Amino acid sequence: MERLKTFLRHPTGMIGLVILMAVVVLAVLAPTLFPDDPWEMVAAPFQPPASEGLPLGSDMLGRSVAAGIAYGARVSLTIGVASTLAALCIGVTIGAIAGYFGGKVDDLMMRITELFQTIPGFVLAILLVATIGPTLTNVIISIGAVSWPPLARLTRAEFMRLRGREFVQAAVCQGQAPMVVALRHILPNAISPIIVTGSLTIATAILIESALSFMGLGDPNLMSWGLMIGASRTVIRQAWWMSMFPGIAIVLTVLAINLVGEGLNDTLNPRISRKARKA
Amino acid sequence: MRALALSITGSRGVAIAIAIAQWLVRFVAVVLVIATFNFVLVHAAPGDPAQVMAGQSGSADEQMLAQLRAEYGLDKPYPVQLAIYLKRIVTLDLGYSYRQQRSVLSLIAERLPATLLLTCSAFLLSLVAGVSLGTLAGVRAGKWSDTALTIISLFLYAMPVFWLGLMLVLLFSVKLDWLPAFGYVSIGVPMTPFERVVDIAAHMVLPVVSLGSVLMAIYARLMRSAIIDVAHQDFIKTARAKGLKRGQIIFRHMLRNAVLPVVTVAGMQAGTLVGGSVVIETVFAWPGLGRLTFDSVLQRDYPLMLGIFLVMSVIVIVLNFLTDTIYRIVDPRVSLRAAS
């Protein structure tokens, strides 16, 4: 409760939260606001913004750009959250094992993590999607597979920090299984930095998704912001609105998530934020 | 005195040799792991591996497939196949692109210079601009110019690179007609060598700026907080007490110490840079590896895709090594450590 109050007083965090809520509402209400299928031709092609019934104009196939953005919000948010969950599963598991056991296990886990940090993640995501096929699930898996290393490093650091604490030692001495110690005693105490980094991972995941669908590697059955920009980039000279508005949607969403993440950071890790304020 | 100097260069030489050896080991390890990974991908792709390598062209004739199977030993057990594959990679044989009817290595070699030009320019631009702007913001913390920079970098940080590129095209090519929007050099125009260089430079501005901006934003924010941190440390107070001028304190004392975390992160962001070049080259029709990636993905040209992935990973390792070297040169503590 106290933390919630602190967050509500965090100015930029609140701006982010308001924008983010607007995007979520748009995504939820998309079928109500735009009852027509976003793929359906609703007007003449190349209608500029503020035309009859088309607040943001129509694209080269006469589809409503505004409807595309509303339905695209669903895809972006779903993929952002789902691939972050996937990245959390991989990253937290690897980081927890490395930090809990230390020694050779830690060495091995960190080598793997470093390797994944060396590989150009976006290129790997392209390869994965191209190989296993561009469906919603596969895109989520691919983005998750390239987004976990920072989460693993963070979890490892937290586990190493908490591993030597008395309450953890006590649990180990009681003979509790490593799994139980890790999940019931260490993880709950390490959760707040993981939440903060996880929230920032959602933003990165949305950016990767938009780049993938821009390249034509998104799920072809789902309307998405990157797809809209990629499809209309060749007509940018005649029709700026088709690529500009979906991009603004991406920027606002990612910006909002980053602001909320920073707000969460200042609220959940007050020790660090106080130091920052002093500086 | 001379003996001391010798011992310094000696220990420094050893340190550099060890660093290079460590880097080489990492380099070989990464190449082998990625090659293995590529091998797994070919087998994970739907369809017969020989067909996958042939580019899944439905009309792939039986004779060609049989030849491929023999070449890659596809009828042998997996470990043998992997060994054959790794051996080919080590001898720089990246396979043959049946779609383009050329060897993958020659296709990549042809596109590599354009990509290196683009990524290295963007890397330098982002570092120089990020460090300068971050320093400026750091020494003016709290003033309006600092706030403006913070807001701009927040927005840049949230921007997809390809969209930033398109918007720059819209402004500077379509509306203002200042800069060319596509390609590497004007085609069909007779030019002297000097005019050609100017022409390429004009074509480079938009792709380099769009690719470098996001990283610039990251470095500027880091640099800003590093400068603020350093400004409160004792050696700066000493420098001030000595009566050094503000400019001297900033350039000789603050900058050198504050830039270290930026260099570390710059090395970690090398992958982002190379990944960003793929979309930027697609936007600007830049004839580099990124554009080649796009084409190979569209055509599902596996040998080419995998070859590019390997080469791009190598570029990232080399960039990592370069930033490591910069770190060693800049770090004011390294020479001290070597002397003691």
# chains A, B, ... in the order shown; residues from 1 in each chain; ligands from 1
call {"tool": "residues_around", "arguments": {"residues": "Val174 in chain B", "least_positions_apart": "5", "cutoff": "12 Å", "atoms": "only C-alpha atoms", "output": "PyMOL selection string"}}
result
(chain A and resi 235-240) or (chain B and resi 166-169+179-182)
call {"tool": "write_last_selection", "arguments": {"atoms": "N, CA and C atoms", "output": "PDB file, in the first residue's frame"}}
result
ATOM      1  N   VAL A 235       5.206   3.474 -50.312  1.00  0.00           N
ATOM      2  CA  VAL A 235       4.371   4.578 -50.808  1.00  0.00           C
ATOM      3  C   VAL A 235       4.506   5.815 -49.919  1.00  0.00           C
ATOM      4  N   ILE A 236       5.628   5.887 -49.158  1.00  0.00           N
ATOM      5  CA  ILE A 236       5.766   6.968 -48.177  1.00  0.00           C
ATOM      6  C   ILE A 236       5.738   8.348 -48.837  1.00  0.00           C
ATOM      7  N   ARG A 237       6.164   8.440 -50.095  1.00  0.00           N
ATOM      8  CA  ARG A 237       6.158   9.742 -50.783  1.00  0.00           C
ATOM      9  C   ARG A 237       4.743  10.275 -50.974  1.00  0.00           C
ATOM     10  N   GLN A 238       3.798   9.366 -51.279  1.00  0.00           N
ATOM     11  CA  GLN A 238       2.424   9.803 -51.510  1.00  0.00           C
ATOM     12  C   GLN A 238       1.610   9.807 -50.218  1.00  0.00           C
ATOM     13  N   ALA A 239       1.901   8.883 -49.294  1.00  0.00           N
ATOM     14  CA  ALA A 239       1.008   8.676 -48.156  1.00  0.00           C
ATOM     15  C   ALA A 239       1.802   8.506 -46.866  1.00  0.00           C
ATOM     16  N   TRP A 240       2.181   9.633 -46.255  1.00  0.00           N
ATOM     17  CA  TRP A 240       2.988   9.588 -45.035  1.00  0.00           C
ATOM     18  C   TRP A 240       2.256   8.984 -43.858  1.00  0.00           C
TER      19      TRP A 240
ATOM     20  N   LEU B 166      12.545   5.938 -41.619  1.00  0.00           N
ATOM     21  CA  LEU B 166      11.495   6.356 -42.552  1.00  0.00           C
ATOM     22  C   LEU B 166      11.093   7.807 -42.323  1.00  0.00           C
ATOM     23  N   MET B 167      11.012   8.196 -41.049  1.00  0.00           N
ATOM     24  CA  MET B 167      10.604   9.572 -40.758  1.00  0.00           C
ATOM     25  C   MET B 167      11.675  10.567 -41.207  1.00  0.00           C
ATOM     26  N   LEU B 168      12.938  10.183 -41.079  1.00  0.00           N
ATOM     27  CA  LEU B 168      14.011  11.056 -41.564  1.00  0.00           C
ATOM     28  C   LEU B 168      13.941  11.178 -43.084  1.00  0.00           C
ATOM     29  N   VAL B 169      13.619  10.065 -43.768  1.00  0.00           N
ATOM     30  CA  VAL B 169      13.458  10.106 -45.222  1.00  0.00           C
ATOM     31  C   VAL B 169      12.330  11.078 -45.574  1.00  0.00           C
ATOM     32  N   LEU B 179      18.627  15.402 -48.992  1.00  0.00           N
ATOM     33  CA  LEU B 179      19.498  14.228 -49.012  1.00  0.00           C
ATOM     34  C   LEU B 179      18.838  13.094 -49.786  1.00  0.00           C
ATOM     35  N   PRO B 180      19.640  12.262 -50.437  1.00  0.00           N
ATOM     36  CA  PRO B 180      19.068  11.112 -51.144  1.00  0.00           C
ATOM     37  C   PRO B 180      18.475  10.116 -50.143  1.00  0.00           C
ATOM     38  N   ALA B 181      17.400   9.457 -50.535  1.00  0.00           N
ATOM     39  CA  ALA B 181      16.693   8.581 -49.608  1.00  0.00           C
ATOM     40  C   ALA B 181      17.130   7.132 -49.720  1.00  0.00           C
ATOM     41  N   PHE B 182      17.560   6.721 -50.902  1.00  0.00           N
ATOM     42  CA  PHE B 182      17.821   5.297 -51.086  1.00  0.00           C
ATOM     43  C   PHE B 182      19.174   5.068 -51.736  1.00  0.00           C
TER      44      PHE B 182
END
call {"tool": "interface_residues", "arguments": {"of": "chain B", "to": "chain A", "cutoff": "6 Å", "atoms": "only C-alpha atoms", "output": "tab-separated table (two decimals) with C-alpha atoms, in the first residue's frame"}}
result
chain	number	residue	atom	x	y	z
B	45	ALA	CA	13.70	-26.79	-40.48
B	158	ALA	CA	11.58	4.10	-27.45
B	159	MET	CA	11.82	4.41	-31.24
B	160	PRO	CA	12.02	1.49	-33.66
B	271	GLY	CA	24.95	-6.88	-31.31
B	275	GLY	CA	20.90	-6.26	-35.76
B	313	SER	CA	28.38	-12.82	-35.07
call {"tool": "residues_around", "arguments": {"residues": "Thr115 in chain B", "least_positions_apart": "6", "cutoff": "8 Å", "atoms": "only C-alpha atoms", "output": "tab-separated table (two decimals) with C-alpha atoms, in the first residue's frame"}}
result
chain	number	residue	atom	x	y	z
B	277	SER	CA	21.77	-2.62	-39.63
B	287	PRO	CA	23.62	-2.82	-50.53
B	288	GLY	CA	25.07	-4.56	-47.47
B	289	LEU	CA	24.66	-7.75	-45.48
B	290	GLY	CA	21.43	-6.60	-43.85
call {"tool": "closest_residue", "arguments": {"among": "B:Ala266, B:Leu136, B:Leu171, B:Val278", "to": "Ala148 in chain B", "atoms": "only C-alpha atoms"}}
result
B:Leu136
call {"tool": "closest_residue", "arguments": {"among": "A:Trp225, A:Phe34, A:Phe7, A:Phe159", "to": "Ala96 in chain A", "atoms": "only C-alpha atoms"}}
result
A:Phe159
call {"tool": "atom_distance", "arguments": {"atom1": "CA of Thr135 in chain B", "atom2": "CA of Leu264 in chain A"}}
result
27.0 Å
call {"tool": "residues_around", "arguments": {"residues": "Ala54 in chain B", "least_positions_apart": "6", "cutoff": "10 Å", "atoms": "only C-alpha atoms", "output": "list in words"}}
result
Asp48, Ala60, Asp61, Met64, Leu65, Leu68, Tyr96, Ser97, Tyr98, Arg99, Arg300, Asp301, Tyr302 and Pro303 of chain B
call {"tool": "atom_distance", "arguments": {"atom1": "CA of Ala109 in chain B", "atom2": "CA of Thr91 in chain B"}}
result
15.3 Å
call {"tool": "select_by_dssp", "arguments": {"residues": "range 197-318 of chain B", "states": "alpha helix (DSSP H)", "output": "ChimeraX atom specification"}}
result
/B:197-231,234-241,246-248,255-268,270-284,289-298,302-318
call {"tool": "residues_around", "arguments": {"residues": "Ala270 in chain B", "least_positions_apart": "4", "cutoff": "12 Å", "atoms": "only C-alpha atoms", "output": "PyMOL selection string"}}
result
(chain A and resi 117-122) or (chain B and resi 119-120+122-124+126-127+211-212+215+263-266+274-277+312-324)
